[in-house]
file work.tsv (TSV, C-alpha atoms)
chain	number	residue	atom	x	y	z
A	1	MET	CA	0.00	0.00	0.00
A	2	PRO	CA	1.60	3.34	-1.03
A	3	GLU	CA	2.21	5.91	1.67
A	4	GLY	CA	-0.53	8.28	0.54
A	5	LYS	CA	-3.16	5.52	0.59
A	6	LEU	CA	-2.05	4.35	4.03
A	7	VAL	CA	-2.29	7.85	5.51
A	8	LYS	CA	-5.71	8.40	3.93
A	9	ARG	CA	-7.00	5.04	5.17
A	10	VAL	CA	-5.75	5.64	8.73
A	11	GLU	CA	-7.24	9.17	8.77
A	12	GLN	CA	-10.55	7.75	7.50
A	13	LEU	CA	-10.59	5.06	10.23
A	14	ILE	CA	-9.87	7.71	12.87
A	15	THR	CA	-12.76	9.92	11.69
A	16	GLU	CA	-15.09	6.88	11.62
A	17	GLY	CA	-13.95	5.84	15.12
A	18	LYS	CA	-12.65	2.44	13.98
A	19	LEU	CA	-9.38	0.70	14.76
A	20	TYR	CA	-6.81	-0.44	12.24
A	21	ARG	CA	-6.53	-4.18	12.90
A	22	PRO	CA	-4.18	-5.90	13.68
A	23	VAL	CA	-2.21	-3.44	15.75
A	24	ASP	CA	1.22	-4.85	14.88
A	25	GLU	CA	0.52	-4.44	11.16
A	26	PHE	CA	-0.67	-0.87	11.77
A	27	VAL	CA	2.51	0.10	13.63
A	28	GLU	CA	4.74	-1.75	11.16
A	29	ARG	CA	3.25	-0.01	8.12
A	30	LEU	CA	3.45	3.39	9.79
A	31	GLY	CA	7.06	2.65	10.68
A	32	LEU	CA	7.82	1.82	7.05
A	33	HIS	CA	6.13	5.09	6.06
A	34	LEU	CA	8.37	6.94	8.52
A	35	SER	CA	11.47	5.36	7.01
A	36	ARG	CA	10.53	6.80	3.61
A	37	THR	CA	9.27	10.18	4.80
A	38	PRO	CA	10.93	12.64	7.16
A	39	ASP	CA	7.50	13.81	8.43
A	40	ARG	CA	7.54	12.53	12.03
A	41	GLU	CA	4.73	14.90	13.06
A	42	LEU	CA	2.32	13.18	10.69
A	43	LEU	CA	3.31	9.79	12.09
A	44	TYR	CA	2.88	11.00	15.67
A	45	SER	CA	-0.52	12.55	14.92
A	46	LEU	CA	-1.74	9.28	13.34
A	47	LEU	CA	-0.51	7.26	16.33
A	48	LYS	CA	-2.16	9.68	18.78
A	49	GLY	CA	-5.40	9.63	16.78
A	50	MET	CA	-5.60	5.83	16.75
A	51	ALA	CA	-4.82	5.75	20.49
A	52	THR	CA	-7.61	8.27	21.12
A	53	VAL	CA	-10.07	6.12	19.15
A	54	ALA	CA	-9.06	3.02	21.12
A	55	LYS	CA	-9.30	4.83	24.48
A	56	GLY	CA	-12.72	6.23	23.56
A	57	MET	CA	-14.34	2.83	23.02
A	58	LYS	CA	-17.32	2.15	25.26
A	59	GLY	CA	-19.24	-0.84	26.47
A	60	ARG	CA	-17.91	-4.28	25.88
A	61	ASP	CA	-15.35	-2.93	23.36
A	62	ARG	CA	-13.67	-0.92	26.12
A	63	LYS	CA	-11.40	-3.79	27.20
A	64	SER	CA	-10.34	-4.56	23.65
A	65	GLY	CA	-9.59	-0.85	23.16
A	66	GLU	CA	-7.40	-0.82	26.27
A	67	GLN	CA	-5.60	-3.93	25.04
A	68	TYR	CA	-5.14	-2.29	21.64
A	69	VAL	CA	-3.51	0.77	23.21
A	70	ARG	CA	-1.16	-1.35	25.36
A	71	SER	CA	-0.17	-3.47	22.37
A	72	MET	CA	0.33	-0.38	20.25
A	73	ALA	CA	2.59	1.19	22.89
A	74	LYS	CA	4.68	-1.99	23.12
A	75	GLU	CA	4.99	-2.22	19.33
A	76	ILE	CA	6.03	1.43	19.01
A	77	LEU	CA	8.68	0.95	21.69
A	78	MET	CA	9.87	-2.34	20.20
A	79	ARG	CA	10.23	-0.83	16.73
A	80	ASP	CA	11.95	2.23	18.20
A	81	MET	CA	9.58	4.64	16.49
A	82	ALA	CA	9.38	6.92	19.54
A	83	ASN	CA	11.10	7.14	22.88
A	84	ARG	CA	9.59	5.82	26.08
A	85	ASP	CA	8.69	9.29	27.42
A	86	TRP	CA	6.70	10.21	24.31
A	87	ILE	CA	4.83	6.90	24.38
A	88	GLU	CA	3.92	7.32	28.06
A	89	GLU	CA	2.79	10.92	27.49
A	90	ASN	CA	0.72	10.33	24.36
A	91	ILE	CA	-0.27	6.66	24.15
A	92	CYS	CA	-0.30	4.89	27.52
A	93	ALA	CA	1.90	3.99	30.46
A	94	LEU	CA	4.41	1.24	29.84
A	95	PRO	CA	5.52	-1.27	32.44
A	96	ARG	CA	8.85	-0.29	33.97
A	97	PRO	CA	11.76	-2.41	32.82
A	98	LYS	CA	12.94	-4.85	35.45
A	99	PRO	CA	16.13	-3.73	37.16
A	100	VAL	CA	19.21	-5.69	36.26
A	101	LYS	CA	20.49	-7.64	39.22
A	102	GLU	CA	24.18	-7.36	39.83
A	103	ALA	CA	26.09	-10.55	40.30
A	104	LYS	CA	27.24	-11.18	43.84
A	105	LEU	CA	30.95	-11.25	44.37
A	106	TYR	CA	31.79	-14.28	46.44
A	107	ASP	CA	34.74	-14.75	48.70
A	108	ARG	CA	36.85	-17.52	47.24
A	109	GLU	CA	37.86	-18.81	50.65
A	110	ALA	CA	34.24	-18.91	51.80
A	111	LEU	CA	33.38	-21.21	48.91
A	112	CYS	CA	36.26	-23.60	49.62
A	113	ARG	CA	35.78	-24.52	53.23
A	114	ASP	CA	36.72	-27.83	54.74
A	115	ILE	CA	33.41	-29.25	55.91
A	116	ARG	CA	35.23	-31.49	58.38
A	117	LEU	CA	36.07	-28.40	60.46
A	118	LYS	CA	32.42	-28.13	61.48
A	119	ASP	CA	32.76	-31.34	63.49
A	120	ASN	CA	36.21	-30.67	64.92
A	121	PRO	CA	37.44	-27.07	64.54
A	122	GLU	CA	40.82	-27.87	66.18
A	123	TRP	CA	42.08	-29.92	63.24
A	124	GLU	CA	45.18	-28.70	61.46
A	125	ARG	CA	44.48	-26.52	58.45
A	126	VAL	CA	46.76	-26.04	55.50
A	127	VAL	CA	45.75	-23.24	53.18
A	128	SER	CA	47.86	-22.62	50.11
A	129	ASN	CA	47.50	-20.30	47.21
A	130	ALA	CA	49.37	-21.21	44.04
A	131	ALA	CA	49.21	-17.62	42.78
A	132	GLU	CA	51.03	-16.34	45.86
A	133	GLY	CA	53.54	-19.15	45.72
A	134	GLY	CA	53.14	-21.01	48.96
A	135	GLN	CA	51.60	-21.34	52.37
A	136	ARG	CA	49.49	-18.54	53.76
A	137	GLU	CA	48.06	-19.63	57.06
A	138	GLY	CA	47.83	-22.70	59.23
A	139	THR	CA	50.48	-25.21	60.00
A	140	VAL	CA	52.92	-26.66	57.53
A	141	LEU	CA	52.86	-30.41	57.05
A	142	ASP	CA	56.24	-32.11	57.12
A	143	VAL	CA	56.66	-34.44	54.20
A	144	SER	CA	59.74	-36.55	54.85
A	145	THR	CA	59.69	-38.51	51.62
A	146	SER	CA	62.74	-37.82	49.53
A	147	THR	CA	63.04	-38.25	45.80
A	148	SER	CA	65.61	-41.03	46.18
A	149	SER	CA	63.20	-43.18	48.17
A	150	ILE	CA	60.55	-42.70	45.53
A	151	LEU	CA	62.99	-43.63	42.78
A	152	ASP	CA	64.20	-46.72	44.69
A	153	SER	CA	60.68	-48.15	45.01
A	154	PRO	CA	59.96	-51.12	42.73
A	155	ALA	CA	58.37	-50.27	39.41
A	156	LYS	CA	54.86	-51.42	38.61
A	157	GLN	CA	54.80	-54.63	36.67
A	158	VAL	CA	53.53	-54.09	33.13
A	159	SER	CA	52.10	-57.05	31.28
A	160	PRO	CA	54.06	-57.83	28.12
A	161	GLY	CA	50.88	-58.07	26.00
A	162	LYS	CA	49.33	-55.72	23.53
A	163	PRO	CA	48.56	-52.27	25.04
A	164	VAL	CA	44.92	-51.36	25.51
A	165	SER	CA	43.66	-48.94	22.88
A	166	PRO	CA	41.95	-45.82	24.27
A	167	VAL	CA	39.69	-45.84	21.20
A	168	LYS	CA	38.71	-49.50	21.41
A	169	PRO	CA	39.01	-50.45	25.08
A	170	PHE	CA	37.37	-53.86	24.62
A	171	GLU	CA	39.95	-55.11	22.18
A	172	ARG	CA	42.53	-56.68	24.43
A	173	LEU	CA	44.76	-59.65	23.76
A	174	GLY	CA	42.67	-61.42	21.18
A	175	GLN	CA	39.21	-60.42	22.43
A	176	ARG	CA	36.59	-59.24	20.00
A	177	GLY	CA	35.50	-55.60	19.67
A	178	ALA	CA	32.87	-53.75	21.65
A	179	ARG	CA	30.05	-55.66	20.00
A	180	GLY	CA	31.35	-59.02	20.96
A	181	ALA	CA	32.16	-57.94	24.52
A	182	TYR	CA	28.51	-57.73	25.50
A	183	PRO	CA	26.37	-60.84	25.72
A	184	HIS	CA	23.37	-59.17	24.05
A	185	GLY	CA	25.32	-57.44	21.26
call {"tool": "encode", "arguments": {"input": "work.tsv", "output": "structure tokens"}}
result
Amino acid sequence: MPEGKLVKRVEQLITEGKLYRPVDEFVERLGLHLSRTPDRELLYSLLKGMATVAKGMKGRDRKSGEQYVRSMAKEILMRDMANRDWIEENICALPRPKPVKEAKLYDREALCRDIRLKDNPEWERVVSNAAEGGQREGTVLDVSTSTSSILDSPAKQVSPGKPVSPVKPFERLGQRGARGAYPHG
């Protein structure tokens, strides 16, 4: 629908006291008209006129008129055709945006507590921080194991067979693949 026809049709509906249905199509077409024409005053007068028609509905149409105005205000805001203040002044009140909750900053040490200390708070505590490079508080545990004693310990016996594949863990020393490993496969 060309811009001139749209403006004439909307003006005719306003004078007849009828609503342009559906509301989202009405706002979308007026928004497209605005993008082609620098005449914002005409757009605003058409929006105000349609809102006045919807607010003036009586009887059982009153509720649908109120819903029309609320939907129209939301559509105008969503399509960024007018700012929030203009919409609230000329169309209807909008619900306030919900405030953004700030994330709580947690204490790292509070999150990493030893739950065993609840039962017996006199236990030794060792708290270390790798970023600071060592012990911070508590007692230091004495580790008397030297590297030579670790190296002198007997090595783990490795079976001389075929190594287990990480891709096919069921194939081991002549066994069948994953299908054959299960009795129902």
call {"tool": "residues_around", "arguments": {"input": "work.tsv", "residues": "Met72 of chain A", "least_positions_apart": "4", "cutoff": "10 Å", "atoms": "only C-alpha atoms", "output": "list in words"}}
result
Pro22, Val23, Asp24, Glu25, Phe26, Val27, Leu47, Met50, Ala51, Glu66, Gln67, Tyr68, Ile76, Leu77, Met78, Ile87, Ile91 and Cys92 of chain A
call {"tool": "closest_residue", "arguments": {"input": "work.tsv", "among": "A:His33, A:Lys104, A:Tyr44, A:Arg62", "to": "Glu89 of chain A", "atoms": "all atoms listed in the file"}}
result
A:Tyr44
call {"tool": "atom_distance", "arguments": {"input": "work.tsv", "atom1": "atom CA of Arg29 of chain A", "atom2": "atom CA of Asp85 of chain A"}}
result
22.1 Å
call {"tool": "residues_around", "arguments": {"input": "work.tsv", "residues": "segment 79-83 of chain A", "least_positions_apart": "4", "cutoff": "8 Å", "atoms": "all atoms listed in the file", "output": "VMD selection string"}}
result
chain A and resid 28 31 75 87
call {"tool": "write_last_selection", "arguments": {"input": "work.tsv", "atoms": "C-alpha atoms", "output": "mmCIF file, in the coordinates of the input"}}
result
data_model
loop_
_atom_site.group_PDB
_atom_site.id
_atom_site.type_symbol
_atom_site.label_atom_id
_atom_site.label_comp_id
_atom_site.auth_asym_id
_atom_site.auth_seq_id
_atom_site.Cartn_x
_atom_site.Cartn_y
_atom_site.Cartn_z
ATOM 1 C CA GLU A 28 4.740 -1.750 11.160
ATOM 2 C CA GLY A 31 7.060 2.650 10.680
ATOM 3 C CA GLU A 75 4.990 -2.220 19.330
ATOM 4 C CA ILE A 87 4.830 6.900 24.380
#
call {"tool": "closest_residue", "arguments": {"input": "work.tsv", "among": "A:Leu42, A:Leu32, A:Val69, A:Leu94", "to": "Tyr20 of chain A", "atoms": "only C-alpha atoms"}}
result
A:Val69
call {"tool": "atom_distance", "arguments": {"input": "work.tsv", "atom1": "atom CA of Glu88 of chain A", "atom2": "atom CA of Ala73 of chain A"}}
result
8.1 Å
call {"tool": "closest_residue", "arguments": {"input": "work.tsv", "among": "A:Thr37, A:Ser45, A:Asn90, A:Ser64", "to": "Leu19 of chain A", "atoms": "only C-alpha atoms"}}
result
A:Ser64
call {"tool": "atom_distance", "arguments": {"input": "work.tsv", "atom1": "atom CA of Leu34 of chain A", "atom2": "atom CA of Lys55 of chain A"}}
result
23.9 Å
call {"tool": "closest_residue", "arguments": {"input": "work.tsv", "among": "A:Gly17, A:Gly4, A:Pro38, A:Pro95", "to": "Ser71 of chain A", "atoms": "all atoms listed in the file"}}
result
A:Pro95
call {"tool": "build_atoms", "arguments": {"input": "work.tsv", "residues": "segment 68-91 of chain A", "atoms": "N, CA and C atoms", "output": "short mmCIF file (atom, residue, chain, number, x, y, z; two decimals), keeping the file's coordinate frame"}}
result
data_model
loop_
_atom_site.label_atom_id
_atom_site.label_comp_id
_atom_site.auth_asym_id
_atom_site.auth_seq_id
_atom_site.Cartn_x
_atom_site.Cartn_y
_atom_site.Cartn_z
N TYR A 68 -5.68 -2.84 22.88
CA TYR A 68 -5.14 -2.29 21.64
C TYR A 68 -4.10 -1.21 21.94
N VAL A 69 -4.43 -0.33 22.86
CA VAL A 69 -3.51 0.77 23.21
C VAL A 69 -2.23 0.22 23.83
N ARG A 70 -2.36 -0.75 24.74
CA ARG A 70 -1.16 -1.35 25.36
C ARG A 70 -0.29 -2.04 24.32
N SER A 71 -0.93 -2.78 23.42
CA SER A 71 -0.17 -3.47 22.37
C SER A 71 0.49 -2.47 21.44
N MET A 72 -0.23 -1.40 21.13
CA MET A 72 0.33 -0.38 20.25
C MET A 72 1.55 0.28 20.90
N ALA A 73 1.46 0.57 22.18
CA ALA A 73 2.59 1.19 22.89
C ALA A 73 3.80 0.25 22.88
N LYS A 74 3.57 -1.03 23.12
CA LYS A 74 4.68 -1.99 23.12
C LYS A 74 5.31 -2.11 21.73
N GLU A 75 4.48 -2.13 20.70
CA GLU A 75 4.99 -2.22 19.33
C GLU A 75 5.80 -0.98 18.95
N ILE A 76 5.31 0.19 19.33
CA ILE A 76 6.03 1.43 19.01
C ILE A 76 7.39 1.43 19.70
N LEU A 77 7.42 1.00 20.96
CA LEU A 77 8.68 0.95 21.69
C LEU A 77 9.61 -0.10 21.09
N MET A 78 9.06 -1.26 20.75
CA MET A 78 9.87 -2.34 20.20
C MET A 78 10.49 -1.95 18.86
N ARG A 79 9.74 -1.23 18.05
CA ARG A 79 10.23 -0.83 16.73
C ARG A 79 11.02 0.48 16.78
N ASP A 80 11.15 1.03 17.97
CA ASP A 80 11.95 2.23 18.20
C ASP A 80 11.48 3.41 17.35
N MET A 81 10.16 3.55 17.26
CA MET A 81 9.58 4.64 16.49
C MET A 81 9.47 5.91 17.32
N ALA A 82 9.44 5.78 18.63
CA ALA A 82 9.38 6.92 19.54
C ALA A 82 10.04 6.50 20.84
N ASN A 83 10.46 7.49 21.61
CA ASN A 83 11.10 7.14 22.88
C ASN A 83 10.04 6.84 23.95
N ARG A 84 10.48 6.27 25.01
CA ARG A 84 9.59 5.82 26.08
C ARG A 84 8.78 6.98 26.67
N ASP A 85 9.39 8.14 26.84
CA ASP A 85 8.69 9.29 27.42
C ASP A 85 7.54 9.74 26.53
N TRP A 86 7.77 9.79 25.22
CA TRP A 86 6.70 10.21 24.31
C TRP A 86 5.56 9.21 24.34
N ILE A 87 5.87 7.94 24.35
CA ILE A 87 4.83 6.90 24.38
C ILE A 87 4.01 7.02 25.66
N GLU A 88 4.66 7.21 26.80
CA GLU A 88 3.92 7.32 28.06
C GLU A 88 3.10 8.59 28.13
N GLU A 89 3.55 9.67 27.50
CA GLU A 89 2.79 10.92 27.49
C GLU A 89 1.58 10.85 26.57
N ASN A 90 1.74 10.23 25.40
CA ASN A 90 0.72 10.33 24.36
C ASN A 90 -0.08 9.05 24.12
N ILE A 91 0.44 7.91 24.43
CA ILE A 91 -0.27 6.66 24.15
C ILE A 91 -0.79 6.05 25.44
#
